[in-house]
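Dumped model.txt below, it's compact mmCIF, C-alpha atoms and all ligand atoms:
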```
# COMPACT_ATOMS: atom_id res chain seq x y z
CA MET A 22 22.75 -67.10 -35.74
CA ASN A 23 19.08 -67.60 -34.93
CA TYR A 24 18.52 -70.15 -32.18
CA PHE A 25 14.73 -69.83 -32.26
CA SER A 26 12.45 -71.78 -34.59
CA GLU A 27 8.84 -71.05 -35.45
CA GLU A 28 7.81 -73.38 -32.59
CA HIS A 29 9.87 -71.36 -30.11
CA GLU A 30 8.22 -68.15 -31.33
CA MET A 31 4.72 -69.63 -31.11
CA PHE A 32 5.50 -70.76 -27.61
CA ARG A 33 6.82 -67.28 -26.79
CA LYS A 34 3.63 -65.68 -28.02
CA SER A 35 1.29 -67.88 -26.01
CA LEU A 36 3.48 -67.52 -22.89
CA ARG A 37 3.66 -63.74 -23.33
CA ASP A 38 -0.12 -63.49 -23.71
CA PHE A 39 -0.59 -65.58 -20.59
CA LEU A 40 1.88 -63.54 -18.52
CA LYS A 41 0.34 -60.29 -19.74
CA ARG A 42 -3.12 -61.46 -18.74
CA GLU A 43 -2.51 -63.46 -15.56
CA VAL A 44 0.68 -62.10 -14.03
CA LYS A 45 1.45 -58.54 -15.07
CA PRO A 46 -1.70 -56.94 -13.58
CA ASN A 47 -0.98 -58.59 -10.21
CA LEU A 48 2.74 -58.07 -9.84
CA ASP A 49 2.64 -54.79 -7.92
CA GLN A 50 0.33 -56.36 -5.36
CA TRP A 51 2.49 -59.50 -5.05
CA GLU A 52 5.55 -57.30 -4.54
CA LYS A 53 3.69 -55.46 -1.74
CA ASP A 54 2.44 -58.71 -0.20
CA GLY A 55 5.91 -60.28 -0.37
CA LYS A 56 4.23 -63.39 -1.74
CA ILE A 57 3.04 -64.92 -4.99
CA PRO A 58 -0.20 -66.97 -4.83
CA LYS A 59 0.59 -70.58 -5.61
CA GLU A 60 -2.37 -70.78 -7.98
CA ILE A 61 -0.39 -69.01 -10.66
CA TRP A 62 2.14 -71.85 -10.87
CA LYS A 63 -0.68 -74.38 -11.18
CA LYS A 64 -2.13 -72.31 -14.03
CA MET A 65 1.29 -72.18 -15.69
CA GLY A 66 1.60 -75.93 -15.22
CA LYS A 67 -1.79 -76.50 -16.85
CA MET A 68 -0.74 -74.38 -19.80
CA GLY A 69 2.37 -76.55 -20.25
CA PHE A 70 4.80 -73.74 -19.36
CA LEU A 71 6.65 -75.70 -16.65
CA GLY A 72 8.90 -78.75 -16.93
CA LEU A 73 9.66 -77.76 -20.52
CA SER A 74 12.78 -79.89 -20.82
CA LEU A 75 11.71 -82.61 -18.38
CA PRO A 76 10.86 -86.06 -19.79
CA GLU A 77 7.27 -86.75 -20.83
CA LYS A 78 7.25 -89.63 -18.33
CA TYR A 79 6.92 -87.03 -15.55
CA GLY A 80 4.49 -84.85 -17.47
CA GLY A 81 7.23 -82.67 -18.99
CA SER A 82 7.47 -81.58 -22.61
CA ASN A 83 10.95 -82.95 -23.42
CA LEU A 84 11.81 -79.78 -25.35
CA ASP A 85 15.20 -78.26 -26.12
CA PHE A 86 16.88 -75.73 -23.83
CA PHE A 87 15.87 -72.73 -25.96
CA PHE A 88 12.28 -73.19 -24.80
CA GLU A 89 13.65 -72.68 -21.28
CA VAL A 90 15.48 -69.61 -22.58
CA VAL A 91 12.17 -68.23 -23.87
CA LEU A 92 10.54 -68.89 -20.49
CA ASN A 93 13.36 -67.07 -18.68
CA GLU A 94 13.29 -64.13 -21.09
CA GLU A 95 9.55 -63.64 -20.97
CA MET A 96 9.33 -63.93 -17.18
CA ALA A 97 12.25 -61.51 -16.82
CA LYS A 98 10.66 -58.91 -19.10
CA LEU A 99 7.97 -58.48 -16.45
CA ASN A 100 10.65 -56.77 -14.36
CA SER A 101 10.03 -58.64 -11.14
CA GLY A 102 13.13 -60.51 -10.09
CA GLY A 103 11.06 -62.03 -7.28
CA PHE A 104 8.61 -63.60 -9.72
CA THR A 105 11.36 -64.94 -11.96
CA ILE A 106 13.54 -66.39 -9.20
CA THR A 107 10.63 -68.20 -7.55
CA GLN A 108 10.25 -70.49 -10.54
CA GLN A 109 13.95 -70.50 -11.50
CA ALA A 110 14.72 -71.94 -8.06
CA VAL A 111 12.32 -74.77 -8.81
CA GLN A 112 13.03 -75.55 -12.45
CA TYR A 113 16.77 -74.93 -12.65
CA MET A 114 18.23 -74.88 -9.15
CA SER A 115 16.64 -77.80 -7.30
CA ALA A 116 14.58 -80.19 -9.48
CA PRO A 117 17.48 -80.92 -11.88
CA TYR A 118 19.41 -82.70 -9.11
CA ILE A 119 16.53 -85.15 -8.73
CA LEU A 120 16.20 -85.61 -12.47
CA LYS A 121 19.92 -86.11 -13.04
CA TYR A 122 21.01 -88.09 -10.02
CA GLY A 123 17.88 -89.14 -8.12
CA SER A 124 16.37 -92.62 -7.87
CA ASP A 125 13.19 -93.57 -9.73
CA PHE A 126 11.40 -93.30 -6.38
CA LEU A 127 12.43 -89.64 -6.00
CA LYS A 128 11.72 -88.80 -9.62
CA ASP A 129 8.24 -90.35 -9.48
CA LYS A 130 7.46 -88.68 -6.18
CA TYR A 131 8.59 -85.12 -6.92
CA LEU A 132 8.96 -84.40 -10.64
CA PRO A 133 5.28 -84.61 -11.72
CA GLY A 134 4.43 -81.93 -9.10
CA ILE A 135 7.21 -79.69 -10.42
CA VAL A 136 5.73 -79.92 -13.91
CA SER A 137 2.12 -79.38 -12.82
CA GLY A 138 3.05 -76.43 -10.58
CA ASN A 139 1.65 -78.23 -7.53
CA LEU A 140 5.06 -78.49 -5.89
CA ILE A 141 7.49 -75.69 -5.11
CA SER A 142 11.06 -76.63 -4.32
CA CYS A 143 14.20 -74.98 -3.05
CA ILE A 144 17.92 -75.52 -2.99
CA GLY A 145 19.55 -75.36 0.45
CA ILE A 146 23.28 -74.76 0.17
CA THR A 147 24.08 -71.57 2.08
CA GLU A 148 24.45 -71.56 5.86
CA PRO A 149 24.91 -68.71 8.34
CA ASN A 150 28.63 -69.53 8.49
CA ALA A 151 29.26 -70.90 5.02
CA GLY A 152 28.22 -69.29 1.74
CA SER A 153 30.96 -69.01 -0.86
CA ASP A 154 32.95 -71.68 1.01
CA VAL A 155 30.45 -74.47 0.27
CA GLN A 156 32.78 -77.26 1.37
CA ASN A 157 32.67 -75.82 4.88
CA ILE A 158 28.93 -76.38 5.45
CA GLN A 159 28.09 -77.81 8.87
CA THR A 160 24.51 -79.13 8.57
CA ASN A 161 24.97 -82.81 9.26
CA ALA A 162 23.01 -85.95 8.43
CA VAL A 163 23.73 -89.01 10.54
CA LYS A 164 22.56 -92.39 9.24
CA LYS A 165 20.46 -94.38 11.74
CA GLY A 166 19.00 -97.54 10.22
CA ASP A 167 16.73 -96.63 7.34
CA HIS A 168 16.80 -92.87 7.91
CA TYR A 169 19.05 -89.86 8.48
CA ILE A 170 18.86 -87.47 11.42
CA VAL A 171 19.53 -83.92 10.19
CA ASN A 172 20.73 -81.04 12.38
CA GLY A 173 21.91 -77.58 11.38
CA SER A 174 20.66 -74.51 9.54
CA LYS A 175 20.45 -72.98 6.11
CA THR A 176 19.99 -69.34 5.24
CA PHE A 177 18.82 -67.18 2.32
CA ILE A 178 16.78 -70.09 1.00
CA THR A 179 14.53 -68.95 -1.85
CA ASN A 180 11.04 -70.51 -1.41
CA GLY A 181 12.08 -71.70 2.07
CA ILE A 182 8.73 -70.90 3.70
CA TYR A 183 6.59 -71.13 0.60
CA GLY A 184 8.08 -74.37 -0.72
CA ASP A 185 7.20 -78.04 -0.29
CA PHE A 186 10.66 -79.57 -0.23
CA VAL A 187 14.29 -78.57 -0.16
CA VAL A 188 17.22 -80.26 -1.87
CA THR A 189 19.54 -79.93 1.09
CA VAL A 190 23.31 -79.97 1.05
CA VAL A 191 24.45 -81.90 4.13
CA LYS A 192 27.62 -83.34 5.56
CA THR A 193 27.36 -87.12 5.84
CA ASP A 194 31.05 -87.29 6.74
CA PRO A 195 32.02 -84.30 8.88
CA THR A 196 35.71 -85.27 8.78
CA SER A 197 35.88 -84.60 5.01
CA ARG A 198 35.36 -81.41 3.04
CA SER A 199 34.04 -81.97 -0.49
CA LYS A 200 33.92 -85.78 -0.21
CA GLY A 201 31.76 -85.58 2.92
CA ILE A 202 28.95 -83.74 1.15
CA SER A 203 25.65 -85.37 0.11
CA LEU A 204 22.26 -84.15 -1.14
CA LEU A 205 19.05 -85.04 0.70
CA VAL A 206 15.48 -84.20 -0.27
CA ILE A 207 13.74 -82.91 2.85
CA ASP A 208 10.00 -82.27 2.96
CA LEU A 209 9.44 -78.85 4.45
CA ASP A 210 6.52 -80.00 6.60
CA SER A 211 8.79 -82.44 8.49
CA ASP A 212 8.86 -82.21 12.29
CA GLY A 213 11.85 -80.28 13.64
CA ILE A 214 12.06 -77.62 10.90
CA THR A 215 11.75 -73.97 11.90
CA LYS A 216 11.33 -71.38 9.15
CA THR A 217 12.04 -67.69 9.53
CA LYS A 218 11.31 -65.16 6.78
CA ILE A 219 14.15 -62.79 5.88
CA ASP A 220 13.30 -59.18 5.02
CA LYS A 221 15.40 -58.00 2.11
CA LEU A 222 16.24 -55.15 -0.28
CA GLY A 223 14.84 -56.60 -3.52
CA TRP A 224 13.15 -59.65 -5.02
CA ARG A 225 10.35 -58.57 -2.74
CA SER A 226 7.66 -60.91 -4.08
CA SER A 227 9.91 -63.91 -3.52
CA ASP A 228 10.18 -65.57 -0.17
CA THR A 229 13.65 -65.99 1.33
CA ALA A 230 14.05 -67.88 4.58
CA GLU A 231 16.33 -69.23 7.22
CA LEU A 232 15.66 -72.92 7.91
CA SER A 233 16.70 -74.67 11.12
CA PHE A 234 16.80 -78.45 11.36
CA ASP A 235 16.47 -79.94 14.82
CA ASN A 236 16.73 -83.75 14.72
CA VAL A 237 14.75 -83.93 11.51
CA VAL A 238 14.11 -87.52 10.46
CA VAL A 239 14.64 -88.04 6.73
CA PRO A 240 14.13 -91.44 5.06
CA SER A 241 17.35 -92.84 3.51
CA GLU A 242 15.52 -93.19 0.20
CA ASN A 243 15.57 -89.36 0.05
CA LEU A 244 19.32 -89.40 -0.59
CA ILE A 245 20.05 -88.11 -4.10
CA GLY A 246 22.54 -90.36 -5.86
CA GLU A 247 25.39 -91.58 -3.68
CA GLU A 248 26.66 -90.46 -0.31
CA GLY A 249 29.74 -88.26 -0.60
CA LYS A 250 29.07 -87.30 -4.23
CA GLY A 251 26.99 -84.20 -3.45
CA PHE A 252 29.76 -81.71 -4.13
CA TYR A 253 30.30 -83.06 -7.65
CA TYR A 254 26.58 -82.97 -8.32
CA LEU A 255 26.59 -79.36 -7.15
CA MET A 256 29.51 -78.35 -9.34
CA ASN A 257 27.59 -79.62 -12.29
CA GLY A 258 24.21 -78.21 -11.22
CA LEU A 259 25.55 -74.78 -10.40
CA GLN A 260 26.37 -74.26 -14.09
CA LEU A 261 22.66 -74.30 -14.91
CA GLU A 262 21.87 -72.01 -11.97
CA ARG A 263 24.48 -69.52 -13.23
CA LEU A 264 23.48 -69.91 -16.86
CA CYS A 265 19.90 -68.88 -16.07
CA PHE A 266 21.12 -65.47 -14.95
CA LEU A 267 22.22 -64.80 -18.55
CA PRO A 268 18.96 -64.80 -20.55
CA SER A 269 16.96 -63.37 -17.65
CA SER A 270 19.29 -60.45 -16.95
CA ILE A 271 19.70 -59.68 -20.67
CA ALA A 272 15.91 -59.62 -21.12
CA THR A 273 15.45 -57.33 -18.12
CA MET A 274 18.16 -54.99 -19.44
CA GLU A 275 16.41 -54.85 -22.81
CA PHE A 276 13.22 -53.98 -20.97
CA ALA A 277 15.10 -51.15 -19.19
CA ILE A 278 16.35 -49.73 -22.49
CA SER A 279 12.93 -49.92 -24.09
CA GLU A 280 11.23 -48.22 -21.12
CA SER A 281 13.96 -45.57 -21.09
CA LEU A 282 13.51 -44.82 -24.78
CA ASN A 283 9.76 -44.38 -24.32
CA TYR A 284 10.34 -42.03 -21.42
CA MET A 285 13.07 -40.06 -23.20
CA LYS A 286 10.81 -39.46 -26.19
CA GLU A 287 8.05 -37.98 -24.02
CA ARG A 288 10.06 -36.08 -21.44
CA LYS A 289 10.90 -32.49 -22.37
CA ALA A 290 13.67 -30.29 -20.98
CA PHE A 291 15.12 -27.04 -22.34
CA GLY A 292 12.48 -27.05 -25.09
CA LYS A 293 13.21 -30.50 -26.53
CA SER A 294 12.75 -34.18 -25.87
CA ILE A 295 15.54 -35.46 -23.70
CA ASN A 296 16.32 -38.10 -26.34
CA GLU A 297 17.92 -35.26 -28.32
CA PHE A 298 20.67 -34.64 -25.77
CA GLN A 299 23.83 -36.18 -27.13
CA VAL A 300 25.12 -37.28 -23.74
CA LEU A 301 21.97 -39.34 -23.15
CA ARG A 302 21.95 -40.71 -26.71
CA HIS A 303 25.52 -41.87 -26.26
CA ARG A 304 24.65 -43.52 -22.98
CA ILE A 305 21.90 -45.52 -24.69
CA ALA A 306 24.26 -46.34 -27.56
CA GLN A 307 26.92 -47.60 -25.15
CA LEU A 308 24.54 -49.69 -23.02
CA SER A 309 22.77 -51.14 -26.05
CA SER A 310 26.12 -52.20 -27.53
CA GLU A 311 27.19 -53.93 -24.34
CA ILE A 312 23.83 -55.69 -23.96
CA GLU A 313 23.82 -56.82 -27.59
CA ALA A 314 27.34 -58.26 -27.35
CA LEU A 315 26.49 -60.16 -24.17
CA LYS A 316 23.25 -61.41 -25.68
CA VAL A 317 25.19 -63.14 -28.44
CA PHE A 318 27.57 -64.60 -25.85
CA SER A 319 24.62 -65.66 -23.67
CA TYR A 320 22.94 -67.52 -26.54
CA HIS A 321 26.24 -69.21 -27.34
CA CYS A 322 26.49 -70.45 -23.71
CA CYS A 323 22.86 -71.63 -23.83
CA ASP A 324 23.53 -73.43 -27.11
CA LEU A 325 26.49 -75.26 -25.55
CA TYR A 326 24.29 -76.27 -22.63
CA ASP A 327 21.62 -77.48 -25.05
CA LYS A 328 24.31 -79.67 -26.64
CA LYS A 329 25.19 -81.00 -23.15
CA ILE A 330 28.52 -79.20 -23.05
CA TYR A 331 28.97 -77.86 -19.51
CA ASP A 332 31.52 -75.13 -19.99
CA VAL A 333 32.38 -73.86 -16.52
CA LYS A 334 34.63 -71.10 -17.85
CA LEU A 335 32.02 -69.59 -20.19
CA CYS A 336 29.14 -69.97 -17.70
CA SER A 337 31.18 -68.22 -15.00
CA MET A 338 32.24 -65.46 -17.41
CA GLY A 339 28.65 -65.01 -18.58
CA LYS A 340 27.26 -64.85 -15.04
CA LEU A 341 29.93 -62.34 -14.01
CA LEU A 342 29.49 -60.05 -17.01
CA CYS A 343 25.69 -60.18 -17.27
CA THR A 344 24.98 -59.52 -13.61
CA GLU A 345 27.53 -56.69 -13.43
CA LEU A 346 26.21 -55.10 -16.61
CA HIS A 347 22.68 -55.42 -15.21
CA GLU A 348 23.71 -53.27 -12.25
CA LYS A 349 25.21 -50.65 -14.54
CA VAL A 350 22.15 -50.61 -16.81
CA SER A 351 19.74 -50.30 -13.91
CA THR A 352 21.72 -47.40 -12.38
CA GLN A 353 22.18 -45.53 -15.65
CA CYS A 354 18.65 -46.07 -16.92
CA LEU A 355 17.19 -44.98 -13.59
CA GLN A 356 19.17 -41.76 -14.04
CA LEU A 357 17.45 -41.14 -17.38
CA PHE A 358 14.11 -40.94 -15.54
CA GLY A 359 15.36 -38.20 -13.18
CA GLY A 360 13.33 -38.02 -9.96
CA ASN A 361 10.68 -40.29 -11.44
CA GLY A 362 13.26 -43.05 -11.60
CA PHE A 363 13.41 -43.05 -7.82
CA THR A 364 9.66 -43.58 -7.42
CA GLU A 365 7.54 -46.72 -7.45
CA ASP A 366 5.44 -45.23 -10.27
CA TYR A 367 8.16 -46.08 -12.80
CA PRO A 368 9.86 -49.42 -13.39
CA MET A 369 13.46 -48.53 -12.63
CA ALA A 370 13.23 -48.45 -8.82
CA ARG A 371 12.26 -52.12 -8.67
CA MET A 372 14.88 -53.10 -11.21
CA TYR A 373 17.52 -51.18 -9.29
CA ARG A 374 16.85 -53.12 -6.08
CA ASP A 375 16.20 -56.48 -7.76
CA CYS A 376 19.37 -56.61 -9.83
CA ARG A 377 21.61 -56.03 -6.82
CA VAL A 378 21.47 -59.67 -5.76
CA GLY A 379 22.68 -60.84 -9.17
CA THR A 380 26.34 -60.41 -8.28
CA ILE A 381 25.78 -62.25 -4.97
CA GLY A 382 23.40 -65.20 -5.48
CA GLY A 383 24.52 -68.38 -7.23
CA GLY A 384 28.17 -67.53 -6.55
CA THR A 385 29.41 -63.97 -6.06
CA SER A 386 31.30 -61.98 -8.68
CA GLU A 387 34.46 -62.49 -6.61
CA ILE A 388 33.96 -66.27 -6.72
CA MET A 389 33.28 -66.11 -10.48
CA ARG A 390 36.60 -64.26 -10.90
CA GLU A 391 38.33 -66.85 -8.71
CA ILE A 392 37.00 -69.70 -10.86
CA ILE A 393 37.88 -67.91 -14.11
CA ALA A 394 41.38 -67.06 -12.80
CA LYS A 395 42.01 -70.68 -11.81
CA ILE A 396 40.98 -71.84 -15.29
CA VAL A 397 42.74 -69.12 -17.26
CA ILE A 398 45.90 -68.75 -15.16
CA ASP A 399 46.37 -72.14 -13.49
CA GLY A 400 44.83 -74.31 -16.21
CA LYS A 401 42.39 -75.94 -13.76
CA ASP A 402 39.87 -78.20 -15.48
CA TYR A 403 36.59 -77.60 -13.66
CA THR A 404 34.54 -78.87 -16.55
CA ALA A 405 35.95 -82.38 -16.27
CA GLU A 406 35.37 -82.32 -12.48
CA ALA A 407 31.86 -80.94 -12.85
CA THR A 408 30.84 -83.67 -15.25
CA LYS A 409 32.39 -86.50 -13.20
CA LYS A 410 29.60 -88.53 -11.61
C1 LIG B 501 17.98 -63.00 -2.03
C2 LIG B 501 18.91 -64.18 -1.92
C3 LIG B 501 18.46 -65.44 -2.31
C4 LIG B 501 19.31 -66.54 -2.16
N1 LIG B 501 18.83 -67.81 -2.46
C5 LIG B 501 19.56 -68.89 -2.12
C6 LIG B 501 19.02 -70.21 -2.23
O1 LIG B 501 17.89 -70.41 -2.69
N2 LIG B 501 19.78 -71.25 -1.80
C7 LIG B 501 21.03 -71.09 -1.29
O2 LIG B 501 21.66 -72.07 -0.92
N3 LIG B 501 21.58 -69.86 -1.19
C8 LIG B 501 20.88 -68.75 -1.58
N4 LIG B 501 21.42 -67.50 -1.45
C9 LIG B 501 22.74 -67.35 -0.87
C10 LIG B 501 23.82 -66.92 -1.85
O3 LIG B 501 24.12 -67.96 -2.75
C11 LIG B 501 25.03 -66.50 -0.98
O4 LIG B 501 24.66 -65.30 -0.33
C12 LIG B 501 26.29 -66.31 -1.79
O5 LIG B 501 26.75 -67.55 -2.29
C13 LIG B 501 27.41 -65.66 -0.95
O6 LIG B 501 27.58 -66.31 0.26
P1 LIG B 501 27.59 -65.46 1.64
O7 LIG B 501 26.38 -64.61 1.66
O8 LIG B 501 27.79 -66.40 2.76
O9 LIG B 501 28.84 -64.50 1.51
P2 LIG B 501 30.34 -64.85 1.94
O10 LIG B 501 30.74 -66.13 1.37
O11 LIG B 501 30.46 -64.66 3.42
O12 LIG B 501 31.12 -63.69 1.23
C14 LIG B 501 31.24 -62.35 1.76
C15 LIG B 501 32.11 -61.56 0.81
O13 LIG B 501 33.42 -62.15 0.72
C16 LIG B 501 33.71 -62.46 -0.63
N5 LIG B 501 34.51 -63.70 -0.70
C17 LIG B 501 34.25 -64.89 -0.12
N6 LIG B 501 35.19 -65.79 -0.46
C18 LIG B 501 36.06 -65.14 -1.27
C19 LIG B 501 37.25 -65.50 -1.96
N7 LIG B 501 37.72 -66.75 -1.91
N8 LIG B 501 37.89 -64.56 -2.69
C20 LIG B 501 37.41 -63.30 -2.77
N9 LIG B 501 36.29 -62.89 -2.15
C21 LIG B 501 35.62 -63.79 -1.43
C22 LIG B 501 32.36 -62.64 -1.30
O14 LIG B 501 32.44 -62.48 -2.70
C23 LIG B 501 31.55 -61.56 -0.62
O15 LIG B 501 31.80 -60.33 -1.23
C24 LIG B 501 20.62 -66.37 -1.66
C25 LIG B 501 21.07 -65.10 -1.32
C26 LIG B 501 20.24 -64.01 -1.44
C27 LIG B 501 20.73 -62.67 -1.01
```
Would you put the structure from the file into structure tokens?
Amino acid sequence: MNYFSEEHEMFRKSLRDFLKREVKPNLDQWEKDGKIPKEIWKKMGKMGFLGLSLPEKYGGSNLDFFFEVVLNEEMAKLNSGGFTITQQAVQYMSAPYILKYGSDFLKDKYLPGIVSGNLISCIGITEPNAGSDVQNIQTNAVKKGDHYIVNGSKTFITNGIYGDFVVTVVKTDPTSRSKGISLLVIDLDSDGITKTKIDKLGWRSSDTAELSFDNVVVPSENLIGEEGKGFYYLMNGLQLERLCFLPSSIATMEFAISESLNYMKERKAFGKSINEFQVLRHRIAQLSSEIEALKVFSYHCCDLYDKKIYDVKLCSMGKLLCTELHEKVSTQCLQLFGGNGFTEDYPMARMYRDCRVGTIGGGTSEIMREIIAKIVIDGKDYTAEATKK
């Protein structure tokens, strides 16, 4: 089944040309700097590459989800997980909560900047003592008149230093677990916020930070939706976060195969091109088969999402399988490059370190297996819970 129309392909071409011209030549430097200049997002906004599925009212293009798939694929083919995640965190991990559950005030204030590339956002779920166990977060927001006072800390926050605001998961009722959780939009220039950059293995061009909140005053109008509903909003929103790993990891794996084939054709050993060695040919055959099968599955999951069917089981399966295959592909393709694979002169070293976070971020592989086991073995209906408002 072909999910892409002529319009999608025209969009892909103009996006690819833009990325080739404006991004690709700069990526090595941005990886070294550990930072992406914000200007690039403004340029992408001007070109109409951001806010693809957001309503026109906020400057968006109101397009179907496969335009977002194209964006994810083309960004991912650049082989910089740091570049891709910076914008994924904005478009798919934080802004959607405002669009779906936020008041008109919040939508008007934040969404136009997300579409124009002027605003960078983050999602603040993880804490030093609570990652997988989201219900156990401790950052608290206490209502005082027309504002909340927020105390606590978040860690591993993508765009935490670089960003303008964070959709923050807080406890408004510390005596409850899931029912005590709410979502607050917090401007990152608010008094009382301390930001500390985290040095990390991969995604080197993206900024990851620890955020501390010390009596931060947040207007009550920054509450997303209703108090105590945050966990349900998250269960729904996390499907999109996980889904985005599918097209982006598949596209990066395809890039790895294509780069490997080019290298194997040129590289000679024992008097022939290494692409003539059966063991290496079979490795490519195996990896290509696995990627192709998952690509079909990935498009099926994206198609369901496009039809507003939030299938927790399939999204979790897709995230688990794609991110684990990505690790295997990056390890085995790096091997095809021999010593060169280990150097920064060839693409596999960056892919090897970037893909490692795939089985951790957005819910670890172990948590994906837990969710799938509860659905498959215990008959738990996460989809109904995730779509409950
Ligand atoms: C580069 C990077 C960027 C990130 N960006 C963001 C972001 O923007 N916003 C954000 O909120 N978070 C972000 N995260 C955090 C990420 O979502 C968490 O790291 C992840 O959810 C795991 O949480 P944890 O690190 O606390 O690990 P833990 O929850 O402490 O888990 C440790 C180990 O125990 C396993 N484990 C835990 N519970 C179970 C269980 N029930 N059964 C079996 N095994 C279990 C885990 O799978 C893992 O292997 C980012 C992380 C990284 C590394």
Fill in: Contacts to ligand LIG 501 (chain B) at 8 Å cut-off (only C-alpha atoms and all ligand atoms) as JSON, numbers by chain
{"A": [110, 114, 143, 144, 145, 146, 147, 148, 149, 150, 151, 152, 153, 154, 175, 176, 177, 178, 179, 180, 181, 221, 223, 224, 229, 378, 381, 382, 383, 384, 385, 386, 387, 388, 391]}
Item to complete: Using only C-alpha atoms, pick whichever of A:Lys98, A:Phe87, A:Phe363, A:Asn139 has the shortest atom-to-atom distance to Asn23 in chain A.
Response: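 Going through A:Lys98, A:Phe87, A:Phe363, A:Asn139 one by one, the smallest distance to Asn23 in chain A is for A:Phe87.
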Box along x, y and z, 6 Å on every side, all listed atoms of range 200-204 of chain A inside: centre and edge lengths in Å to one decimal, as AutoDock Vina command-line options.
```
--center_x 28.1 --center_y -84.8 --center_z 0.9 --size_x 23.7 --size_y 14.0 --size_z 16.1
```
Worksheet entry | Within 12 Å of Arg288 in chain A using all atoms listed in the file, minus same-chain residues under 3 positions, as a PyMOL selection string | chain A and resi 281-285+291-298+357-359+361
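CA of Glu348 in chain A is positioned 7.2 Å from CA of Tyr373 in chain A.
Closest approach to Thr105 in chain A among A:Ile57, A:Leu244, A:Leu315, A:Ile202 is made by A:Ile57 (distances from all atoms listed in the file).
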Discussion item. With all atoms listed in the file as the counted atoms, please give the residues lying no more than 9 Å from Ile135 in chain A, apart from itself and same-chain residues fewer than 2 positions off, as a PyMOL selection string.
Written reply: chain A and resi 66+71-72+79+111-112+116+131-133+137-142
Practice prompt. Write out as a ChimeraX atom specification the residues lying within 8 Å of range 188-200 of chain A, counting all atoms listed in the file and excluding same-chain residues fewer than 2 positions away.
Written response: /A:115,118,142-146,156-164,186,202-207,248-252
Worksheet item: For the atom pair CA of Ala290 in chain A and CA of Pro368 in chain A, what is the interatomic distance in Å to one decimal place?
Response: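 Taking CA of Ala290 in chain A as the start and CA of Pro368 in chain A as the end point, the length is 20.9 Å.
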Discussion item. Using all atoms listed in the file, can you tell me which of A:Arg263, A:Lys328, A:Arg374, A:Lys349 comes closest to Gln307 in chain A?
Written reply: A:Lys349
